[in-house]
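Have a look at query_38.cif below; it lists mmCIF, C-alpha atoms.
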data_data
loop_
_atom_site.label_atom_id
_atom_site.label_comp_id
_atom_site.auth_asym_id
_atom_site.auth_seq_id
_atom_site.Cartn_x
_atom_site.Cartn_y
_atom_site.Cartn_z
CA MET A 15 -224.27 -153.41 -44.17
CA SER A 16 -221.72 -156.20 -44.47
CA SER A 17 -221.18 -158.28 -47.60
CA ALA A 18 -222.49 -161.40 -45.82
CA THR A 19 -225.73 -159.71 -44.82
CA THR A 20 -226.06 -158.25 -48.33
CA GLN A 21 -225.73 -161.74 -49.81
CA LEU A 22 -228.40 -163.10 -47.48
CA HIS A 23 -230.85 -160.42 -48.64
CA ASN A 24 -229.94 -160.81 -52.31
CA PRO A 25 -233.06 -162.11 -54.14
CA ARG A 26 -230.82 -164.16 -56.44
CA ALA A 27 -229.06 -165.90 -53.55
CA THR A 28 -229.91 -169.51 -52.75
CA TRP A 29 -232.72 -169.83 -50.22
CA PHE A 30 -230.60 -171.90 -47.80
CA LEU A 31 -227.69 -169.45 -47.84
CA GLY A 32 -226.15 -169.34 -44.36
CA ALA A 33 -228.21 -172.32 -43.12
CA PRO A 34 -226.49 -175.63 -44.05
CA VAL A 35 -228.07 -177.55 -41.14
CA THR A 36 -231.54 -176.52 -42.28
CA LYS A 37 -230.69 -177.47 -45.85
CA ALA A 38 -229.46 -180.91 -44.77
CA VAL A 39 -232.62 -181.55 -42.71
CA ALA A 40 -235.00 -180.44 -45.48
CA VAL A 41 -233.26 -182.36 -48.27
CA SER A 42 -232.79 -185.55 -46.24
CA THR A 43 -236.41 -185.45 -45.04
CA ALA A 44 -237.67 -185.31 -48.63
CA ILE A 45 -235.27 -188.01 -49.90
CA ILE A 46 -236.05 -190.41 -47.05
CA TYR A 47 -239.77 -189.90 -47.63
CA ILE A 48 -239.39 -190.95 -51.28
CA ILE A 49 -237.39 -194.05 -50.26
CA ALA A 50 -239.90 -194.98 -47.56
CA GLU A 51 -242.83 -194.46 -49.93
CA MET A 52 -241.31 -196.60 -52.66
CA ASN A 53 -240.47 -199.44 -50.25
CA LYS A 54 -243.56 -199.14 -47.99
CA LEU A 55 -241.46 -198.46 -44.90
CA HIS A 56 -243.61 -195.87 -43.15
CA ARG A 57 -245.10 -198.27 -40.60
CA ALA A 58 -241.64 -199.66 -39.87
CA MET A 59 -240.50 -196.14 -38.96
CA MET A 60 -243.23 -195.42 -36.40
CA LEU A 61 -242.39 -195.07 -32.73
CA ASP A 62 -244.16 -198.20 -31.46
CA THR A 63 -243.00 -198.79 -27.87
CA THR A 64 -244.49 -202.30 -27.83
CA LYS A 65 -242.31 -203.38 -30.74
CA ILE A 66 -239.32 -201.52 -29.35
CA PHE A 67 -239.32 -203.09 -25.89
CA ASP A 68 -241.08 -206.42 -26.56
CA HIS A 69 -239.56 -207.24 -29.95
CA ALA A 70 -236.22 -205.43 -29.55
CA GLN A 71 -236.79 -203.19 -32.59
CA PHE A 72 -234.56 -200.48 -31.17
CA TYR A 73 -233.80 -199.05 -34.61
CA ARG A 74 -237.18 -197.27 -34.43
CA ILE A 75 -235.75 -194.93 -31.78
CA PHE A 76 -233.25 -193.57 -34.31
CA VAL A 77 -235.39 -193.40 -37.47
CA TYR A 78 -238.84 -192.24 -36.36
CA ASN A 79 -237.90 -188.55 -36.71
CA PHE A 80 -236.39 -188.92 -40.18
CA THR A 81 -239.44 -188.08 -42.32
CA PHE A 82 -243.20 -187.63 -42.36
CA SER A 83 -245.64 -190.45 -43.06
CA THR A 84 -247.86 -188.82 -45.74
CA MET A 85 -247.36 -186.42 -48.62
CA GLY A 86 -249.63 -183.82 -47.03
CA GLU A 87 -247.66 -183.91 -43.79
CA LEU A 88 -244.40 -183.65 -45.75
CA VAL A 89 -245.46 -180.54 -47.67
CA MET A 90 -247.09 -178.73 -44.76
CA GLY A 91 -244.44 -179.90 -42.29
CA LEU A 92 -241.52 -178.62 -44.35
CA ALA A 93 -243.42 -175.39 -45.07
CA ALA A 94 -243.67 -174.79 -41.31
CA LEU A 95 -240.34 -176.26 -40.15
CA THR A 96 -237.85 -175.05 -42.76
CA PRO A 97 -238.36 -171.25 -42.54
CA LEU A 98 -238.15 -171.35 -38.74
CA MET A 99 -235.01 -173.46 -38.76
CA ARG A 100 -233.37 -171.25 -41.39
CA ARG A 101 -234.14 -168.09 -39.45
CA PHE A 102 -232.75 -169.25 -36.11
CA GLU A 103 -229.74 -171.01 -37.63
CA ARG A 104 -228.75 -167.71 -39.23
CA GLU A 105 -229.21 -165.88 -35.94
CA MET A 106 -227.54 -168.46 -33.67
CA GLY A 107 -224.90 -169.78 -36.06
CA SER A 108 -224.81 -173.31 -37.43
CA LYS A 109 -222.72 -174.81 -34.61
CA ARG A 110 -224.88 -173.55 -31.78
CA PHE A 111 -228.11 -174.24 -33.67
CA GLY A 112 -226.93 -177.77 -34.47
CA ALA A 113 -226.19 -178.34 -30.78
CA PHE A 114 -229.64 -176.99 -29.91
CA ILE A 115 -231.36 -179.41 -32.30
CA VAL A 116 -229.33 -182.39 -31.02
CA TYR A 117 -230.01 -181.65 -27.35
CA ALA A 118 -233.71 -181.01 -27.94
CA SER A 119 -234.01 -184.22 -29.99
CA VAL A 120 -232.36 -186.35 -27.30
CA ILE A 121 -234.54 -184.96 -24.50
CA SER A 122 -237.67 -185.32 -26.66
CA THR A 123 -236.88 -188.92 -27.56
CA LEU A 124 -236.40 -189.96 -23.93
CA SER A 125 -239.59 -188.15 -22.93
CA GLU A 126 -241.62 -189.71 -25.74
CA LEU A 127 -240.46 -193.22 -24.85
CA VAL A 128 -241.77 -192.70 -21.33
CA ILE A 129 -245.02 -190.99 -22.35
CA PHE A 130 -246.04 -193.40 -25.12
CA ASN A 131 -245.02 -196.46 -23.12
CA ILE A 132 -246.84 -195.55 -19.90
CA PHE A 133 -249.64 -193.08 -20.64
CA PHE A 134 -250.66 -193.56 -24.28
CA ASP A 135 -251.04 -196.97 -25.90
CA THR A 136 -250.88 -195.69 -29.46
CA GLU A 137 -248.48 -195.62 -32.36
CA ARG A 138 -246.59 -192.38 -32.85
CA TYR A 139 -246.54 -191.30 -36.50
CA SER A 140 -243.08 -190.76 -37.94
CA GLY A 141 -241.93 -187.20 -38.52
CA PRO A 142 -239.72 -184.45 -37.04
CA TYR A 143 -242.50 -183.09 -34.83
CA PRO A 144 -240.25 -182.56 -31.77
CA GLN A 145 -237.87 -180.49 -33.90
CA LEU A 146 -240.83 -178.39 -35.10
CA GLY A 147 -241.90 -177.88 -31.50
CA ALA A 148 -238.35 -176.89 -30.49
CA VAL A 149 -237.93 -174.15 -33.11
CA LEU A 150 -241.50 -173.02 -32.45
CA ALA A 151 -240.44 -172.49 -28.84
CA LEU A 152 -237.63 -170.23 -30.05
CA TYR A 153 -240.08 -168.35 -32.24
CA HIS A 154 -242.57 -167.94 -29.39
CA ARG A 155 -239.99 -166.75 -26.89
CA TYR A 156 -237.58 -164.63 -28.90
CA THR A 157 -239.55 -163.19 -31.82
CA PRO A 158 -241.29 -159.92 -30.87
CA ARG A 159 -244.70 -158.95 -32.16
CA LEU A 160 -244.01 -156.09 -34.54
CA HIS A 161 -247.66 -155.56 -35.48
CA PRO A 162 -249.98 -156.50 -32.56
CA LYS A 163 -253.04 -155.54 -34.64
CA PHE A 164 -251.97 -157.07 -37.95
CA PHE A 165 -255.50 -158.36 -38.65
CA GLY A 166 -258.67 -159.14 -36.74
CA ILE A 167 -261.09 -162.05 -36.55
CA LEU A 168 -264.48 -161.84 -34.80
CA GLY A 169 -263.40 -158.74 -32.93
CA TYR A 170 -260.05 -160.15 -31.76
CA ASP A 171 -256.81 -158.46 -32.80
CA LEU A 172 -254.05 -160.83 -33.96
CA SER A 173 -250.39 -160.13 -34.68
CA GLU A 174 -248.35 -161.22 -37.68
CA LYS A 175 -247.05 -164.13 -35.59
CA SER A 176 -250.53 -165.68 -35.74
CA LEU A 177 -249.90 -166.70 -39.36
CA THR A 178 -246.93 -168.84 -38.33
CA TYR A 179 -248.83 -170.24 -35.36
CA GLY A 180 -251.74 -171.15 -37.60
CA LEU A 181 -249.55 -173.02 -40.09
CA CYS A 182 -247.76 -174.88 -37.30
CA ALA A 183 -251.08 -175.75 -35.63
CA GLN A 184 -252.25 -177.33 -38.88
CA VAL A 185 -249.20 -179.62 -38.84
CA VAL A 186 -249.19 -180.28 -35.10
CA MET A 187 -252.87 -181.31 -35.00
CA SER A 188 -252.84 -183.30 -38.25
CA GLY A 189 -252.56 -186.67 -36.49
CA GLY A 190 -254.28 -185.98 -33.19
CA PHE A 191 -252.41 -187.00 -30.05
CA SER A 192 -249.89 -188.91 -32.17
CA THR A 193 -248.52 -185.64 -33.55
CA PHE A 194 -249.61 -183.16 -30.86
CA ILE A 195 -247.75 -184.85 -27.99
CA PRO A 196 -244.36 -185.04 -29.80
CA SER A 197 -244.70 -181.39 -30.79
CA LEU A 198 -245.56 -180.37 -27.23
CA VAL A 199 -242.63 -182.38 -25.87
CA GLY A 200 -240.35 -180.72 -28.43
CA PHE A 201 -241.68 -177.28 -27.45
CA VAL A 202 -240.81 -177.87 -23.78
CA SER A 203 -237.45 -179.39 -24.72
CA GLY A 204 -236.69 -176.35 -26.88
CA LEU A 205 -237.28 -174.01 -23.95
CA LEU A 206 -234.99 -176.13 -21.78
CA CYS A 207 -232.21 -176.37 -24.38
CA VAL A 208 -231.75 -172.68 -25.18
CA SER A 209 -229.09 -172.21 -22.50
CA LEU A 210 -227.85 -175.78 -22.94
CA SER A 211 -227.00 -175.08 -26.60
CA GLU A 212 -224.21 -172.74 -25.46
CA ASN A 213 -222.27 -175.96 -24.79
CA LEU A 214 -221.28 -176.78 -28.35
CA LEU A 215 -220.82 -180.32 -29.58
CA PRO A 216 -217.27 -181.71 -29.57
CA ASN A 217 -215.03 -180.64 -32.44
CA PHE A 218 -214.79 -184.16 -33.85
CA VAL A 219 -218.57 -184.15 -34.36
CA HIS A 220 -218.33 -181.00 -36.46
CA ALA A 221 -215.38 -182.46 -38.35
CA CYS A 222 -217.36 -185.60 -39.20
CA CYS A 223 -220.40 -183.56 -40.26
CA ASN A 224 -218.27 -181.31 -42.44
CA SER A 225 -216.62 -184.28 -44.15
CA ILE A 226 -219.90 -186.14 -44.69
CA GLY A 227 -222.10 -183.18 -45.58
CA SER A 228 -219.75 -180.79 -47.35
CA SER A 229 -222.27 -180.55 -50.19
CA PHE A 230 -224.72 -178.95 -47.78
CA ALA A 231 -222.33 -176.15 -46.81
CA ASP A 232 -222.99 -172.68 -48.18
CA GLU A 233 -220.38 -170.09 -48.97
CA ALA A 234 -221.91 -167.25 -46.96
CA PRO A 235 -221.63 -167.33 -43.16
CA ALA A 236 -224.54 -166.96 -40.78
CA ILE A 237 -225.87 -163.53 -39.91
CA MET A 238 -224.15 -163.58 -36.54
CA MET A 239 -220.82 -163.72 -38.40
CA ALA A 240 -221.64 -160.53 -40.31
CA ARG A 241 -220.05 -158.35 -37.65
CA THR A 242 -216.69 -160.04 -38.10
CA VAL A 243 -216.86 -159.60 -41.86
CA GLN A 244 -217.93 -155.99 -41.44
CA ARG A 245 -215.07 -155.24 -39.05
CA GLY A 246 -212.60 -156.78 -41.49
CA GLY A 247 -213.99 -154.74 -44.39
CA THR A 248 -213.88 -151.56 -42.33
CA GLY A 249 -210.23 -152.18 -41.44
CA ASN A 250 -209.29 -152.59 -45.09
CA ARG A 251 -211.05 -149.37 -46.02
CA GLN A 252 -209.32 -147.53 -43.20
CA ARG A 253 -205.90 -148.79 -44.30
CA ARG A 254 -206.55 -147.73 -47.89
CA ALA A 255 -207.75 -144.32 -46.74
CA ALA A 256 -204.60 -143.84 -44.64
CA GLN A 257 -202.46 -144.25 -47.75
CA ARG A 258 -204.23 -141.42 -49.61
CA PRO A 259 -203.31 -137.75 -49.24
CA THR A 260 -205.47 -136.15 -46.60
CA ALA A 261 -207.36 -132.91 -47.00
CA ALA A 262 -209.12 -130.65 -44.58
CA VAL A 263 -212.46 -132.25 -43.91
CA ALA A 264 -215.15 -130.96 -41.63
CA PRO A 265 -215.74 -133.17 -38.60
CA PRO A 266 -218.70 -135.49 -39.08
CA VAL A 267 -221.93 -134.57 -37.37
CA VAL A 268 -222.88 -137.23 -34.86
CA ARG A 269 -226.62 -137.82 -34.93
CA ARG A 270 -227.94 -139.03 -31.63
CA PRO A 271 -230.79 -141.51 -32.04
CA PRO A 272 -234.12 -140.62 -30.44
CA PRO A 273 -234.79 -142.22 -27.05
CA PRO A 274 -236.34 -145.69 -27.33
CA PRO A 275 -240.13 -145.74 -26.86
CA GLU A 276 -241.40 -147.31 -23.65
CA GLU A 277 -243.56 -149.78 -25.60
CA ALA A 278 -240.50 -151.23 -27.33
CA ILE A 279 -238.60 -151.40 -24.04
CA ALA A 280 -241.49 -153.16 -22.29
CA GLN A 281 -241.91 -155.58 -25.19
CA LEU A 282 -238.28 -156.72 -25.06
CA CYS A 283 -238.13 -156.72 -21.25
CA SER A 284 -241.12 -159.10 -21.24
CA MET A 285 -238.90 -161.57 -23.11
CA GLY A 286 -236.56 -161.76 -20.12
CA PHE A 287 -233.88 -159.22 -21.04
CA GLU A 288 -232.60 -156.58 -18.62
CA ARG A 289 -233.85 -153.03 -19.13
CA ALA A 290 -230.37 -151.52 -19.48
CA ALA A 291 -229.40 -154.09 -22.12
CA VAL A 292 -232.70 -153.50 -23.95
CA ILE A 293 -232.20 -149.72 -24.07
CA ARG A 294 -228.62 -150.13 -25.30
CA ALA A 295 -229.69 -152.61 -28.02
CA LEU A 296 -232.51 -150.33 -29.19
CA GLN A 297 -230.15 -147.35 -29.40
CA GLN A 298 -227.67 -149.38 -31.41
CA SER A 299 -230.45 -150.60 -33.72
CA ASP A 300 -232.05 -147.19 -34.30
CA ASN A 301 -235.06 -148.30 -32.22
CA ASN A 302 -235.79 -151.26 -34.52
CA VAL A 303 -237.40 -153.86 -32.23
CA GLU A 304 -236.57 -156.90 -34.35
CA ALA A 305 -232.96 -155.84 -34.90
CA ALA A 306 -232.60 -155.11 -31.18
CA ALA A 307 -233.98 -158.56 -30.34
CA ASN A 308 -231.43 -160.14 -32.66
CA ARG A 309 -228.61 -158.19 -30.95
CA LEU A 310 -229.81 -159.34 -27.52
CA LEU A 311 -230.07 -162.98 -28.68
CA MET A 312 -226.52 -162.90 -30.04
CA GLY A 313 -225.16 -161.33 -26.87
#

Structure re-expressed in structure tokens:
Amino acid sequence: MSSATTQLHNPRATWFLGAPVTKAVAVSTAIIYIIAEMNKLHRAMMLDTTKIFDHAQFYRIFVYNFTFSTMGELVMGLAALTPLMRRFEREMGSKRFGAFIVYASVISTLSELVIFNIFFDTERYSGPYPQLGAVLALYHRYTPRLHPKFFGILGYDLSEKSLTYGLCAQVVMSGGFSTFIPSLVGFVSGLLCVSLSENLLPNFVHACCNSIGSSFADEAPAIMMARTVQRGGTGNRQRRAAQRPTAAVAPPVVRRPPPPPEEAIAQLCSMGFERAAVIRALQQSDNNVEAAANRLLMG
């Protein structure tokens, strides 16, 4: 295991280690909520299409996703949003994950302006509901069910993913259509932006973000960078070993991993991956489904 991965699993490490984008979103959401609460600005941050188009209050388009409108939504929303963002930022890398969030936010904003202006004559509560829907789409599509019968309710077997779905449903349904529609739009946008996120944002955008938010940066890289660190560490060890006197050593015994079970292959193939790639990833991950899924996601 590489030093970066070891740091990420260190119980004494900071919770946002390897996820500066997630840290920036969580901290700014909490700070902006306090400012809005002290100055009674929550209604001014709602997505009200009547005031946007009839009264030229276009600033609402840019601020309505900044923070939640109540303390309950803030606590439950961050409890649902932050762990998902942290997980996928570590898997995708901060640059690609940041591009994913930007693209999903832009598509969601345009869609919401059309939906709330034409089909629903209601105010849209402020809050990053599209971003929650976008990362929930990643969770739904790319996170395998490791325990399909984790617990049961009224005779129905539910997996461990049901706990996350239940928490997100509590947040998504908290404000009725005003919160459900943005989350649904974000979910669809997230599915559309997975491949789009491969087109990273221009370098000057990252330079500006680094200069403005250097305090949000963490020392440890994302999980997807662990391979590079591991390769570098292995090279150093090999060079040091080459300088030592060699002795007769028995050749290492190569242990061939057992063939991947068909259930694991079918589970990953149902996520859209090719069978050959799935078998190779399972063999490289010692038939660990979650680790194999991470390998497939990172290419």

Determine, for each residue of stretch 32-53 of chain A having at least one atom at most 12 Å from an atom of stretch 72-79 of chain A, the closest pair of atoms and their separation in Å to one decimal, counting all atoms listed in the file; order by chain and ascending number, as JSON lines.
{"residue": "A:Val39", "atom": "CA", "partner": "A:Asn79", "partner_atom": "CA", "distance": 10.6}
{"residue": "A:Ser42", "atom": "CA", "partner": "A:Asn79", "partner_atom": "CA", "distance": 11.2}
{"residue": "A:Thr43", "atom": "CA", "partner": "A:Asn79", "partner_atom": "CA", "distance": 9.0}
{"residue": "A:Ile46", "atom": "CA", "partner": "A:Val77", "partner_atom": "CA", "distance": 10.1}
{"residue": "A:Tyr47", "atom": "CA", "partner": "A:Asn79", "partner_atom": "CA", "distance": 11.2}
{"residue": "A:Ala50", "atom": "CA", "partner": "A:Val77", "partner_atom": "CA", "distance": 11.2}

Please determine the residues with any atom at most 7 Å from (-241.8, -185.8, -32.7) (coordinates as given in the file, with only C-alpha atoms counting) and report them as a short mmCIF file (atom, residue, chain, number, x, y, z; two decimals) with C-alpha atoms, in the coordinates of the input.
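Printed below is result17.cif as written:
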data_model
loop_
_atom_site.label_atom_id
_atom_site.label_comp_id
_atom_site.auth_asym_id
_atom_site.auth_seq_id
_atom_site.Cartn_x
_atom_site.Cartn_y
_atom_site.Cartn_z
CA ASN A 79 -237.90 -188.55 -36.71
CA GLY A 141 -241.93 -187.20 -38.52
CA PRO A 142 -239.72 -184.45 -37.04
CA TYR A 143 -242.50 -183.09 -34.83
CA PRO A 144 -240.25 -182.56 -31.77
CA GLN A 145 -237.87 -180.49 -33.90
CA THR A 193 -248.52 -185.64 -33.55
CA PRO A 196 -244.36 -185.04 -29.80
CA SER A 197 -244.70 -181.39 -30.79
CA GLY A 200 -240.35 -180.72 -28.43
#

Give me the result of the PyMOL selection byres ((chain A and resi 63) around 9) on this file, residue by residue, as a ChimeraX atom specification. /A:61-62,64-68,71,74,127,130-131,135-138

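Against the coordinates shown, the PyMOL selection byres ((chain A and resi 310) around 9) returns Phe287, Ala291, Val292, Ala295, Ala305, Ala306, Ala307, Asn308, Arg309, Leu311, Met312 and Gly313 of chain A.
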
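Distances to A:Gly286 were evaluated for A:Tyr156, A:Phe111, A:Phe102, A:Tyr117 using all atoms listed in the file, and the minimum falls at A:Tyr156.
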
Using all atoms listed in the file, which protein or nucleic acid residues come within 12 Å of A:Ser188? Drop anything in the same chain fewer than 6 positions from it, and give the result as a PyMOL selection string. chain A and resi 82-84+86-88+90-91+139+141+143+181-182+194-195+197

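Atom CA of A:Phe201 lies 15.0 Å from atom CA of A:Ile129.
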
Nearest to A:Gly204 among A:Ser122, A:Thr28, A:Ser140, A:Thr157, with distances taken over all atoms listed in the file: which residue is it? A:Ser122

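Here atom CA of A:Val208 and atom CA of A:Leu152 stand 8.0 Å from one another.
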
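Put simply, atom CA of A:Tyr153 is 7.4 Å away from atom CA of A:Leu98.
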
Counting only C-alpha atoms, what is within 6 Å of A:Asn301, bar same-chain residues fewer than 3 positions away, as a list in words? Pro274, Leu296 and Gln297 of chain A

Find the residue from A:Glu304, A:Ser192, A:Arg57, A:Pro272 that sits nearest to A:Phe134; use all atoms listed in the file when measuring. A:Ser192
